file target.tsv (TSV, C-alpha atoms and all ligand atoms)
chain	number	residue	atom	x	y	z
A	2	MET	CA	16.36	37.19	3.07
A	3	TRP	CA	15.85	36.11	-0.51
A	4	GLN	CA	19.43	34.92	-0.53
A	5	ARG	CA	18.73	32.05	1.78
A	6	ILE	CA	16.78	30.00	-0.67
A	7	PHE	CA	19.83	29.35	-2.81
A	8	GLY	CA	21.30	27.18	-0.11
A	9	LEU	CA	18.15	25.21	-0.20
A	10	ALA	CA	18.17	25.10	-3.97
A	11	GLY	CA	21.73	23.83	-3.94
A	12	ALA	CA	20.98	21.19	-1.37
A	13	LEU	CA	17.78	19.91	-2.83
A	14	ALA	CA	18.05	20.79	-6.50
A	15	VAL	CA	14.76	22.58	-6.19
A	16	GLY	CA	15.82	25.45	-8.41
A	17	PHE	CA	13.15	27.59	-6.88
A	18	VAL	CA	13.60	31.21	-7.81
A	19	THR	CA	12.92	33.99	-5.36
A	20	MET	CA	14.88	36.90	-6.68
A	21	VAL	CA	13.46	40.38	-6.86
A	22	THR	CA	11.84	40.44	-10.26
A	23	THR	CA	13.10	43.79	-11.45
A	24	ALA	CA	16.70	43.02	-10.53
A	25	GLU	CA	16.48	39.69	-12.25
A	26	ALA	CA	14.85	41.01	-15.36
A	27	ALA	CA	17.56	43.63	-15.90
A	28	PRO	CA	19.94	42.85	-18.74
A	29	ARG	CA	23.39	41.59	-17.68
A	30	CYS	CA	25.49	44.59	-16.69
A	31	ARG	CA	29.20	44.93	-17.43
A	32	ASN	CA	32.04	45.28	-14.96
A	33	THR	CA	34.23	48.17	-15.87
A	34	HIS	CA	36.76	48.17	-13.00
A	35	ASN	CA	39.72	46.01	-12.37
A	36	PHE	CA	39.19	43.61	-9.43
A	37	ASP	CA	42.51	44.41	-7.74
A	38	ALA	CA	41.92	48.16	-7.98
A	39	TRP	CA	38.40	47.65	-6.65
A	40	MET	CA	39.77	45.58	-3.77
A	41	ALA	CA	42.34	48.24	-2.87
A	42	ALA	CA	39.57	50.85	-2.69
A	43	PHE	CA	37.36	48.52	-0.68
A	44	LYS	CA	40.14	47.94	1.86
A	45	LYS	CA	40.53	51.68	2.37
A	46	ASP	CA	36.82	51.99	2.98
A	47	ALA	CA	36.87	49.03	5.38
A	48	LEU	CA	39.71	50.61	7.37
A	49	ALA	CA	37.70	53.82	7.58
A	50	GLN	CA	34.78	51.78	8.94
A	51	GLY	CA	36.77	50.27	11.78
A	52	ILE	CA	38.11	47.06	10.28
A	53	THR	CA	41.72	46.59	11.40
A	54	GLN	CA	44.68	46.03	9.10
A	55	GLN	CA	45.17	42.67	10.79
A	56	THR	CA	41.64	41.56	9.94
A	57	LEU	CA	41.99	42.80	6.37
A	58	SER	CA	45.19	40.85	5.88
A	59	ALA	CA	43.81	37.69	7.43
A	60	ALA	CA	40.60	37.81	5.42
A	61	LEU	CA	41.46	39.40	2.10
A	62	ASP	CA	45.15	38.77	1.29
A	63	GLY	CA	45.33	36.67	-1.87
A	64	VAL	CA	41.58	36.71	-2.46
A	65	THR	CA	40.88	36.62	-6.19
A	66	PHE	CA	37.82	37.08	-8.36
A	67	ASP	CA	35.92	33.82	-8.89
A	68	PRO	CA	34.21	33.59	-12.28
A	69	ALA	CA	32.40	30.42	-11.16
A	70	ILE	CA	30.40	32.49	-8.67
A	71	ILE	CA	29.29	34.85	-11.43
A	72	ARG	CA	28.23	31.88	-13.54
A	73	ARG	CA	26.16	30.55	-10.62
A	74	ASP	CA	24.65	33.97	-10.10
A	75	SER	CA	23.71	34.35	-13.76
A	76	GLY	CA	22.58	30.82	-14.33
A	77	GLN	CA	19.58	30.50	-12.06
A	78	GLY	CA	16.91	28.84	-14.13
A	79	VAL	CA	13.30	29.80	-14.09
A	80	PHE	CA	11.52	26.92	-12.51
A	81	GLN	CA	8.50	27.34	-10.37
A	82	GLN	CA	6.47	25.07	-8.22
A	83	SER	CA	3.01	25.62	-6.91
A	84	PHE	CA	2.49	25.82	-3.17
A	85	LEU	CA	1.17	22.25	-3.00
A	86	GLN	CA	4.09	20.89	-5.03
A	87	PHE	CA	6.68	22.83	-3.07
A	88	ALA	CA	5.16	22.26	0.36
A	89	GLY	CA	4.55	18.60	-0.45
A	90	ARG	CA	8.17	18.13	-1.37
A	91	MET	CA	9.72	20.26	1.35
A	92	THR	CA	7.62	18.93	4.23
A	93	ALA	CA	7.39	15.29	3.13
A	94	ALA	CA	6.84	12.50	5.67
A	95	GLY	CA	10.53	11.88	6.34
A	96	ARG	CA	11.28	15.50	7.14
A	97	TYR	CA	8.11	15.79	9.21
A	98	GLN	CA	8.94	12.70	11.30
A	99	ASN	CA	12.53	13.84	11.70
A	100	GLY	CA	11.23	17.26	12.79
A	101	LEU	CA	9.15	15.67	15.54
A	102	GLN	CA	12.22	13.74	16.69
A	103	GLN	CA	14.35	16.90	16.67
A	104	LEU	CA	11.74	18.66	18.79
A	105	LYS	CA	12.05	15.91	21.39
A	106	ALA	CA	15.80	15.50	21.21
A	107	ASN	CA	16.43	19.25	21.60
A	108	ALA	CA	13.54	20.06	23.92
A	109	ALA	CA	15.66	21.68	26.65
A	110	LEU	CA	17.64	23.87	24.23
A	111	LEU	CA	14.50	24.89	22.33
A	112	ALA	CA	12.69	25.81	25.55
A	113	LYS	CA	15.61	28.06	26.52
A	114	ILE	CA	15.52	29.65	23.07
A	115	GLU	CA	11.80	30.32	23.39
A	116	GLN	CA	12.38	31.84	26.82
A	117	ALA	CA	15.05	34.16	25.38
A	118	THR	CA	13.38	35.14	22.10
A	119	GLY	CA	9.67	34.27	22.32
A	120	VAL	CA	9.92	32.05	19.24
A	121	PRO	CA	8.37	28.62	19.85
A	122	PRO	CA	10.24	25.34	19.19
A	123	PRO	CA	8.20	24.16	16.15
A	124	VAL	CA	8.91	27.43	14.33
A	125	VAL	CA	12.66	27.13	14.89
A	126	VAL	CA	12.78	23.43	14.00
A	127	ALA	CA	10.70	23.94	10.83
A	128	LEU	CA	13.15	26.55	9.49
A	129	TRP	CA	16.11	24.38	10.47
A	130	GLY	CA	14.51	21.50	8.56
A	131	LEU	CA	13.77	23.52	5.45
A	132	GLU	CA	17.10	25.35	5.31
A	133	SER	CA	19.41	22.39	5.88
A	134	ASP	CA	17.47	19.21	6.69
A	135	TYR	CA	18.34	19.75	10.39
A	136	GLY	CA	21.97	20.36	9.69
A	137	ALA	CA	22.49	17.41	7.32
A	138	TYR	CA	23.24	19.93	4.59
A	139	LYS	CA	26.39	21.69	5.73
A	140	GLY	CA	25.60	24.95	4.03
A	141	GLY	CA	27.76	24.71	0.93
A	142	ILE	CA	31.32	24.30	-0.26
A	143	TYR	CA	32.31	27.85	-1.15
A	144	GLN	CA	34.74	30.18	0.57
A	145	ILE	CA	32.36	32.85	1.72
A	146	ILE	CA	34.81	35.73	1.64
A	147	ARG	CA	35.89	35.02	-1.93
A	148	SER	CA	32.25	34.57	-2.99
A	149	VAL	CA	30.91	37.77	-1.51
A	150	ALA	CA	34.00	39.75	-2.60
A	151	THR	CA	33.34	38.55	-6.15
A	152	LEU	CA	29.67	39.49	-5.94
A	153	ALA	CA	30.47	42.84	-4.30
A	154	TYR	CA	32.83	43.65	-7.17
A	155	ASP	CA	30.28	42.47	-9.75
A	156	CYS	CA	28.00	45.14	-11.15
A	157	ARG	CA	24.76	43.31	-10.49
A	158	ARG	CA	24.03	43.88	-6.78
A	159	PRO	CA	27.21	45.54	-5.49
A	160	ASP	CA	25.67	47.38	-2.52
A	161	PHE	CA	24.03	44.30	-1.04
A	162	PHE	CA	27.19	42.20	-1.31
A	163	ARG	CA	29.48	45.00	-0.15
A	164	ASP	CA	27.46	44.91	3.09
A	165	GLN	CA	27.90	41.14	3.18
A	166	LEU	CA	31.66	41.42	2.70
A	167	MET	CA	31.84	44.03	5.47
A	168	GLY	CA	29.75	41.69	7.65
A	169	ALA	CA	32.13	38.80	6.92
A	170	LEU	CA	35.11	40.94	7.98
A	171	ARG	CA	33.35	41.91	11.20
A	172	ILE	CA	32.67	38.24	11.98
A	173	VAL	CA	36.40	37.58	11.61
A	174	GLN	CA	37.35	40.64	13.65
A	175	ARG	CA	35.01	39.70	16.50
A	176	GLY	CA	36.70	36.30	16.63
A	177	ASP	CA	33.61	34.25	15.79
A	178	LEU	CA	35.11	32.40	12.83
A	179	ARG	CA	38.45	32.34	11.04
A	180	PRO	CA	38.31	33.12	7.31
A	181	ASP	CA	39.12	29.49	6.46
A	182	GLN	CA	36.18	28.31	8.57
A	183	MET	CA	33.77	30.46	6.58
A	184	ILE	CA	32.63	27.85	4.11
A	185	GLY	CA	29.06	28.07	2.88
A	186	ASN	CA	26.70	28.73	0.06
A	187	TRP	CA	27.93	30.40	-3.15
A	188	ALA	CA	25.87	33.52	-2.39
A	189	GLY	CA	27.39	33.87	1.05
A	190	GLU	CA	25.01	32.12	3.47
A	191	LEU	CA	26.53	30.32	6.41
A	192	GLY	CA	25.54	27.33	8.48
A	193	PRO	CA	22.45	25.18	8.95
A	194	THR	CA	20.13	28.17	9.18
A	195	GLN	CA	21.77	29.86	6.19
A	196	PHE	CA	22.60	33.27	7.58
A	197	THR	CA	23.95	36.04	5.40
A	198	PRO	CA	27.21	37.42	6.87
A	199	SER	CA	25.51	40.72	7.66
A	200	ASP	CA	22.68	39.07	9.62
A	201	TYR	CA	25.21	36.73	11.23
A	202	PHE	CA	27.12	39.69	12.62
A	203	LYS	CA	24.07	41.72	13.64
A	204	HIS	CA	21.71	39.06	14.96
A	205	GLY	CA	23.90	36.05	15.76
A	206	LEU	CA	23.77	34.81	19.36
A	207	ASP	CA	26.44	33.01	21.34
A	208	PHE	CA	23.93	30.71	22.99
A	209	ASP	CA	26.28	27.98	24.21
A	210	GLY	CA	28.32	30.58	26.07
A	211	ASP	CA	31.77	29.80	24.66
A	212	GLY	CA	32.30	33.44	23.80
A	213	ARG	CA	31.92	33.11	20.02
A	214	VAL	CA	28.96	33.10	17.66
A	215	ASP	CA	29.66	29.89	15.78
A	216	MET	CA	26.63	28.94	13.74
A	217	ILE	CA	28.60	26.42	11.73
A	218	ASN	CA	29.66	24.15	14.58
A	219	SER	CA	27.27	25.02	17.40
A	220	LYS	CA	23.68	23.90	17.08
A	221	ALA	CA	22.74	26.10	20.04
A	222	ASP	CA	24.21	29.18	18.36
A	223	ALA	CA	22.62	28.39	14.97
A	224	LEU	CA	19.10	27.75	16.29
A	225	ALA	CA	19.08	30.58	18.83
A	226	SER	CA	20.33	32.98	16.17
A	227	ALA	CA	17.54	31.93	13.81
A	228	ALA	CA	14.99	32.63	16.54
A	229	ASN	CA	16.72	35.92	17.33
A	230	LEU	CA	16.49	36.95	13.68
A	231	LEU	CA	12.74	36.25	13.70
A	232	LYS	CA	12.51	38.31	16.87
A	233	SER	CA	14.32	41.17	15.12
A	234	PHE	CA	11.66	40.91	12.40
A	235	GLY	CA	9.00	41.60	15.03
A	236	TRP	CA	7.98	38.15	16.22
A	237	GLN	CA	5.55	38.46	19.13
A	238	ARG	CA	5.71	35.91	21.90
A	239	GLY	CA	2.65	33.73	22.36
A	240	GLN	CA	0.96	34.89	19.16
A	241	PRO	CA	-0.05	32.62	16.26
A	242	TRP	CA	1.58	32.90	12.84
A	243	LEU	CA	-0.53	30.93	10.39
A	244	GLN	CA	-3.74	28.92	10.39
A	245	GLU	CA	-5.28	26.87	7.64
A	246	VAL	CA	-8.88	27.88	6.86
A	247	ARG	CA	-11.70	27.02	4.47
A	248	VAL	CA	-13.07	29.75	2.25
A	249	PRO	CA	-16.65	29.89	0.94
A	250	ALA	CA	-17.55	29.51	-2.74
A	251	GLU	CA	-18.11	33.24	-3.02
A	252	MET	CA	-16.60	36.12	-1.09
A	253	PRO	CA	-14.89	39.43	-1.88
A	254	TRP	CA	-11.74	37.78	-3.21
A	255	GLN	CA	-9.99	41.12	-3.68
A	256	GLU	CA	-9.72	41.25	0.13
A	257	SER	CA	-7.25	38.35	0.00
A	258	GLY	CA	-3.50	38.96	-0.05
A	259	LEU	CA	-0.99	40.10	2.55
A	260	ASP	CA	-1.69	43.78	1.93
A	261	ASN	CA	-5.21	43.44	3.30
A	262	LYS	CA	-5.72	42.98	7.03
A	263	HIS	CA	-9.05	42.49	8.74
A	264	PRO	CA	-10.16	41.34	12.18
A	265	ARG	CA	-11.09	37.69	12.35
A	266	SER	CA	-14.71	38.74	12.96
A	267	GLN	CA	-14.76	40.18	9.41
A	268	TRP	CA	-13.36	36.99	7.92
A	269	VAL	CA	-16.00	35.01	9.79
A	270	LYS	CA	-18.69	37.32	8.36
A	271	TRP	CA	-17.39	36.65	4.87
A	272	GLY	CA	-17.76	32.92	5.49
A	273	VAL	CA	-14.17	31.94	6.27
A	274	ARG	CA	-14.07	28.90	8.56
A	275	SER	CA	-11.45	27.06	10.53
A	276	ALA	CA	-10.13	24.10	8.52
A	277	HIS	CA	-9.62	21.90	11.58
A	278	GLY	CA	-10.74	21.78	15.15
A	279	ALA	CA	-12.40	24.62	17.02
A	280	PRO	CA	-14.44	27.26	15.13
A	281	LEU	CA	-12.62	30.41	14.03
A	282	PRO	CA	-13.05	32.95	16.84
A	283	SER	CA	-15.00	36.02	15.77
A	284	ASP	CA	-12.66	38.46	17.49
A	285	ASN	CA	-10.48	41.47	16.75
A	286	LEU	CA	-7.24	39.65	16.00
A	287	GLU	CA	-5.96	40.99	12.67
A	288	ALA	CA	-5.21	38.59	9.87
A	289	SER	CA	-4.68	38.45	6.12
A	290	LEU	CA	-6.16	35.76	3.93
A	291	ILE	CA	-3.54	34.12	1.74
A	292	LEU	CA	-4.46	31.99	-1.22
A	293	PRO	CA	-1.14	30.81	-2.69
A	294	MET	CA	-2.96	28.91	-5.48
A	295	GLY	CA	-6.03	31.10	-5.75
A	296	ARG	CA	-9.55	30.66	-4.40
A	297	LEU	CA	-9.77	26.96	-5.35
A	298	GLY	CA	-6.56	26.01	-3.55
A	299	PRO	CA	-5.41	25.88	0.07
A	300	ALA	CA	-6.28	28.91	2.20
A	301	PHE	CA	-4.58	30.36	5.28
A	302	LEU	CA	-5.06	33.20	7.69
A	303	ALA	CA	-1.70	34.90	8.17
A	304	TYR	CA	-1.29	36.64	11.52
A	305	PRO	CA	1.10	39.53	12.30
A	306	ASN	CA	3.90	37.05	13.13
A	307	PHE	CA	3.75	35.81	9.53
A	308	ARG	CA	5.50	39.05	8.56
A	309	ALA	CA	8.69	37.61	10.08
A	310	TYR	CA	8.61	34.79	7.51
A	311	ILE	CA	8.28	37.29	4.67
A	312	GLU	CA	11.30	39.13	6.06
A	313	TRP	CA	13.15	35.82	6.21
A	314	ASN	CA	12.26	35.04	2.61
A	315	ALA	CA	10.05	37.29	0.50
A	316	ALA	CA	8.80	34.50	-1.77
A	317	ILE	CA	5.23	33.81	-0.72
A	318	VAL	CA	5.43	30.11	-1.58
A	319	TYR	CA	8.53	29.65	0.58
A	320	ALA	CA	7.24	31.81	3.43
A	321	THR	CA	3.89	30.02	3.47
A	322	THR	CA	5.59	26.61	3.35
A	323	ALA	CA	7.92	27.45	6.25
A	324	ALA	CA	5.07	28.84	8.36
A	325	TYR	CA	2.84	25.89	7.48
A	326	PHE	CA	5.57	23.40	8.40
A	327	GLY	CA	5.84	25.17	11.75
A	328	THR	CA	2.13	24.62	12.33
A	329	ARG	CA	2.49	20.95	11.33
A	330	LEU	CA	5.26	20.42	13.87
A	331	ALA	CA	3.06	22.23	16.39
A	332	GLY	CA	0.32	19.65	15.80
A	333	ALA	CA	-1.83	20.90	12.90
A	334	PRO	CA	-3.15	18.28	10.47
A	335	PRO	CA	-1.82	18.13	6.88
A	336	VAL	CA	-3.07	20.83	4.52
A	337	GLY	CA	-6.28	20.03	2.67
A	338	PRO	CA	-6.69	20.48	-1.07
A	339	GLY	CA	-8.97	23.51	-0.83
A	340	ASN	CA	-12.28	23.93	-2.63
A	341	GLY	CA	-11.39	22.55	-6.00
A	342	GLN	CA	-8.65	21.71	-8.42
A	343	PRO	CA	-6.68	24.84	-9.20
A	344	VAL	CA	-4.94	24.52	-12.55
A	345	VAL	CA	-1.29	25.45	-12.13
A	346	PRO	CA	-0.23	27.82	-14.91
A	347	THR	CA	2.83	26.92	-16.95
A	348	THR	CA	5.81	29.27	-17.20
A	349	GLU	CA	4.78	29.98	-20.81
A	350	GLN	CA	1.25	30.88	-19.73
A	351	ILE	CA	2.58	33.20	-17.04
A	352	GLN	CA	4.84	34.84	-19.62
A	353	GLU	CA	1.93	35.25	-22.03
A	354	LEU	CA	-0.14	36.79	-19.26
A	355	GLN	CA	2.74	39.08	-18.25
A	356	ARG	CA	3.08	40.29	-21.85
A	357	LEU	CA	-0.64	41.12	-21.90
A	358	LEU	CA	-0.37	42.92	-18.54
A	359	ILE	CA	2.73	44.85	-19.64
A	360	ALA	CA	0.97	45.90	-22.87
A	361	ARG	CA	-1.89	47.21	-20.73
A	362	LYS	CA	0.54	49.03	-18.43
A	363	MET	CA	-0.59	46.99	-15.43
A	364	LEU	CA	2.88	45.51	-14.98
A	365	THR	CA	6.38	46.82	-15.57
A	366	GLY	CA	9.57	44.92	-16.29
A	367	GLU	CA	9.94	41.84	-18.45
A	368	ALA	CA	7.80	38.79	-18.99
A	369	ASP	CA	10.05	36.44	-16.99
A	370	GLY	CA	7.50	33.72	-16.31
A	371	ARG	CA	7.80	34.11	-12.54
A	372	LEU	CA	4.73	34.39	-10.41
A	373	GLY	CA	6.09	36.96	-7.97
A	374	SER	CA	4.22	39.48	-5.88
A	375	ALA	CA	4.24	42.16	-8.62
A	376	THR	CA	2.71	39.76	-11.14
A	377	ARG	CA	0.12	38.58	-8.62
A	378	ALA	CA	-0.85	42.17	-7.87
A	379	ALA	CA	-1.23	42.91	-11.59
A	380	VAL	CA	-3.30	39.75	-12.05
A	381	LYS	CA	-5.67	40.92	-9.32
A	382	GLN	CA	-6.02	44.31	-10.98
A	383	ALA	CA	-6.78	42.65	-14.33
A	384	GLN	CA	-9.28	40.25	-12.75
A	385	LEU	CA	-11.14	43.19	-11.23
A	386	LYS	CA	-11.15	44.94	-14.57
A	387	VAL	CA	-12.60	42.05	-16.57
A	388	GLY	CA	-14.93	40.87	-13.81
A	389	LEU	CA	-13.28	37.61	-12.75
A	390	PRO	CA	-12.87	36.57	-9.08
A	391	ALA	CA	-9.93	38.72	-7.95
A	392	ASP	CA	-7.84	36.10	-6.15
A	393	ALA	CA	-4.56	37.15	-7.84
A	394	TYR	CA	-3.98	33.68	-9.32
A	395	PRO	CA	-3.49	33.41	-13.10
A	396	THR	CA	-5.94	31.37	-15.15
A	397	VAL	CA	-6.32	30.55	-18.83
A	398	GLU	CA	-9.67	32.30	-18.67
A	399	LEU	CA	-7.98	35.54	-17.66
A	400	ILE	CA	-5.51	35.24	-20.55
A	401	GLU	CA	-8.40	34.69	-22.99
A	402	ARG	CA	-10.38	37.63	-21.59
A	403	LEU	CA	-7.38	39.93	-21.82
A	404	LYS	CA	-6.71	38.85	-25.40
A	405	THR	CA	-10.22	39.75	-26.47
A	406	ALA	CA	-10.81	42.73	-24.16
A	407	ARG	CA	-9.88	46.17	-25.36
A	501	CA	CA	29.03	29.93	20.89
call {"tool": "encode", "arguments": {"input": "target.tsv", "output": "structure tokens"}}
result
Amino acid sequence: MWQRIFGLAGALAVGFVTMVTTAEAAPRCRNTHNFDAWMAAFKKDALAQGITQQTLSAALDGVTFDPAIIRRDSGQGVFQQSFLQFAGRMTAAGRYQNGLQQLKANAALLAKIEQATGVPPPVVVALWGLESDYGAYKGGIYQIIRSVATLAYDCRRPDFFRDQLMGALRIVQRGDLRPDQMIGNWAGELGPTQFTPSDYFKHGLDFDGDGRVDMINSKADALASAANLLKSFGWQRGQPWLQEVRVPAEMPWQESGLDNKHPRSQWVKWGVRSAHGAPLPSDNLEASLILPMGRLGPAFLAYPNFRAYIEWNAAIVYATTAAYFGTRLAGAPPVGPGNGQPVVPTTEQIQELQRLLIARKMLTGEADGRLGSATRAAVKQAQLKVGLPADAYPTVELIERLKTAR
């Protein structure tokens, strides 16, 4: 679901980058086909996969390559925000208050959605708020079919967008939307919950019962589909997703990160405490400790349901923000600052660190200045090697150690 964030970026000028690092770091490829020849071959394939001639004509006749989409796709700047910056901006007071109002105003619909999918109202409303400011952002101005056809023809991620184009055709064929109604984000997402065409077709729900999945015009369809997508990612009814905690000054920091799961009793033994309210139960419920800004910053226990957020959007800062906003709308207090003042590394510092890690064969790819999961994992490895707290967050100290270490 990394695509989704671009709708957000377009709406809010956040410019937050969540692409898969290796794909992004690859040098610009070259298209060698001719678009019309490619389209003719695609149509044959679509027919073979059960798309009718009528659908093909309605959706693809006259569709041309759009160079503007390629420019958008190539021109994503590198601009990162720390968790506190991003969460602060994305869940600011206005959006929080509006979220509480939306919970009230849509209580009956949201209760029905929870009954059907197991996903609670604050989780649905938080995603709706982040993706489109509760529908205020209409999801973009691009013709989806032209956009995804252009990106499917383009050499960069043809397989992913070919699936999206096929998904868009199936949406048309099922009678959910006409091609001219499919207006959305430049990368193909539709509606206030920013569905890719493929997810729209597979996981969209007709929740208002008019016989069509219309996420663009039906709030019921859009919100129920979002919950249904989380359910498809394994959301478990009645289970928590995220909880803010306090970490001690010292603990085995290498146990942090989504790859490590321990029962809450183990976290309690290591000195992890509830940040608010009742003490953390010392039970068998599995959780990971996530430290989006390292051991000095905010800390959260991520429960199995958190995995659904990572499937929605793989960027840890986005996923944590969305899950956190859900807890806020469910009544949790605002996030505390953590144990100290984590220094946020600059893009240049991250690049310098990446070059050092690449030289030591701890990281592959290019020094792109993005603090993605691969870079965080390499940082942890390097911290363990030089004897710094292994919280996977880059520091100037680590850069200096790596420069002088052999
Ligand atoms: Ca409907």
call {"tool": "residues_near_ligand", "arguments": {"input": "target.tsv", "ligand": "ligand CA 501 (chain A)", "cutoff": "7 Å", "atoms": "all atoms listed in the file", "output": "list in words"}}
result
Asp207, Phe208, Asp209, Gly210, Asp211, Gly212, Arg213, Val214, Asp215, Ser219 and Asp222 of chain A
call {"tool": "atom_distance", "arguments": {"input": "target.tsv", "atom1": "CA of Ser58 in chain A", "atom2": "CA of Ile71 in chain A"}}
result
24.3 Å
call {"tool": "closest_residue", "arguments": {"input": "target.tsv", "among": "A:Glu398, A:Asp67, A:Asp392, A:Glu312", "to": "Gly298 in chain A", "atoms": "all atoms listed in the file"}}
result
A:Asp392
call {"tool": "atom_distance", "arguments": {"input": "target.tsv", "atom1": "CA of Ala108 in chain A", "atom2": "CA of Phe196 in chain A"}}
result
22.9 Å
call {"tool": "residues_around", "arguments": {"input": "target.tsv", "residues": "Tyr143 in chain A", "least_positions_apart": "3", "cutoff": "6 Å", "atoms": "all atoms listed in the file", "output": "list in words"}}
result
Ile184, Gly185, Asn186 and Trp187 of chain A
call {"tool": "closest_residue", "arguments": {"input": "target.tsv", "among": "A:Asp200, A:Glu190, A:Glu287, A:Asp181", "to": "Gly168 in chain A", "atoms": "only C-alpha atoms"}}
result
A:Asp200
call {"tool": "residues_around", "arguments": {"input": "target.tsv", "residues": "Ala153 in chain A", "least_positions_apart": "4", "cutoff": "6 Å", "atoms": "all atoms listed in the file", "output": "ChimeraX atom specification"}}
result
/A:149,159,162-163
call {"tool": "residues_around", "arguments": {"input": "target.tsv", "residues": "Pro180 in chain A", "least_positions_apart": "3", "cutoff": "8 Å", "atoms": "only C-alpha atoms", "output": "number ranges by chain"}}
result
A: 59-60, 146, 173, 183
